[in-house]
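Data block below; observations after.
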Amino acid sequence: MGSVIIAGCNTEKTTESNNEKVVVTTTISQIADAVENIGGEHVEVQSLMGPGIDPHLYKAKQSDIGKLQAADIIFYNGLHLEGKMLEIFEKMDAEKPTYAIADSIPKQQLRKDAADETAMDPHVWFDIDLWKTALVQVTEGLIEIDPNNKEAYEKNAEQYFTKLDELKEYAEAEMAKIPERQKVLVTAHDAFNYFGAKYHLEVMGLQGLSTDSEYGLRDVQNLVDTLVDRNIKAVFVESSISEKSINAVIEGAKDKNHQVEIGGELYSDAMGEEGTEEGTYIGMYKHNVDTIVEALK
Ligand SMILES: [Zn+2]
């Protein structure tokens, strides 16, 4: 478990063969990590987007097309997170099982994009319950393509979900340590609205939900005012976003004689390096919680 095999071998699978691994291609690493946990020894996972990659802007490379073509099954987030890859997914969907896993979450549980009422916020992995719903889709997809290992997938999913429940309890207990007035999370882009809703944290981002838009001076000024008014001590950078915008806020606050620090780096749309704790979903979630609590409490 945990190893990523680069470039799939496009061998044919027969239903009799139990040893043949299911080749799974995913977009963001959050999904790849879940598939590795649920699929275990029965899957080979190829993730297109590694550490520091911004899925909103990501365009498929030639090698990605190869990985998608080599896959038996494809899982991506959906809700326009991978906004530049929609055509490719459509094409793949005609050839093989291709799932937008966030689509399995009931619409009324999704959050609307604050800037665009017609769009949904795609950052569902920050709500652990919603993420579990999306991962039920992963489990069902694996069972559908590899019914011989149904029991293993179900058992692995159950074990992983138990760990996710523990993570949720940990996060709730930790986040409760932040004083009410200081419960403001300022980040570079609006990735944390599900997270904020879950832990009663007001979330302010510099950009819209997608990173595909330039932030305006007015947004900077609004944020600066809030920081000064509520005496917020820290703002956060994200591993997949440049620090330029957040630095503009820090400078703005300084002009008003209010000292703001960078509270640390949060993982939003990308996870940490493979092989590190932050390279797993649970590890990166914990890192975010610990970093936020440490800076704001
Ligand atoms: Zn995002």
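In the structure tokens, chains take the letters A, B, ... in the order shown, each chain's residues start at 1, and ligands count up from 1 in the order shown.
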
May I have the residues within 6 Å of range 272-288 of chain A as a tab-separated table (two decimals) with N, CA and C atoms, in the first residue's frame, using only C-alpha atoms and disregarding those fewer than 5 positions away in the same chain?
```tsv
chain	number	residue	atom	x	y	z
A	30	GLN	N	-5.84	13.71	-2.80
A	30	GLN	CA	-6.80	13.33	-1.76
A	30	GLN	C	-7.57	12.09	-2.21
A	51	PRO	N	1.98	17.23	-5.21
A	51	PRO	CA	2.11	18.35	-4.27
A	51	PRO	C	2.25	19.69	-4.99
A	266	LEU	N	-1.08	26.13	4.82
A	266	LEU	CA	-2.15	25.14	4.86
A	266	LEU	C	-2.19	24.38	3.55
```

Range 258-287 of chain A: residues DSSP assigns to strand (DSSP E or B), reported as a list of chain:residue names: A:Glu261, A:Ile262, A:Gly263, A:Gly264, A:Glu265, A:Leu266

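When only C-alpha atoms and all ligand atoms are used to measure the gap to ligand 1, the shortest distance among A:Ile250, A:Ile101, A:Ala270, A:Ile178 belongs to A:Ala270.
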
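When CA of Gly83 in chain A is paired with CA of Lys198 in chain A, their separation reads 25.5 Å.
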
Just list as a ChimeraX atom specification whatever in range 16-265 of chain A DSSP marks as alpha helix (DSSP H). /A:29-39,62-70,86-93,128-145,150-175,193-199,217-230,244-255

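Among A:Ala171, A:Leu135, A:Met92, A:Leu81, the residue with the shortest atom-to-atom distance to Tyr153 in chain A, counting only C-alpha atoms, is A:Leu135.
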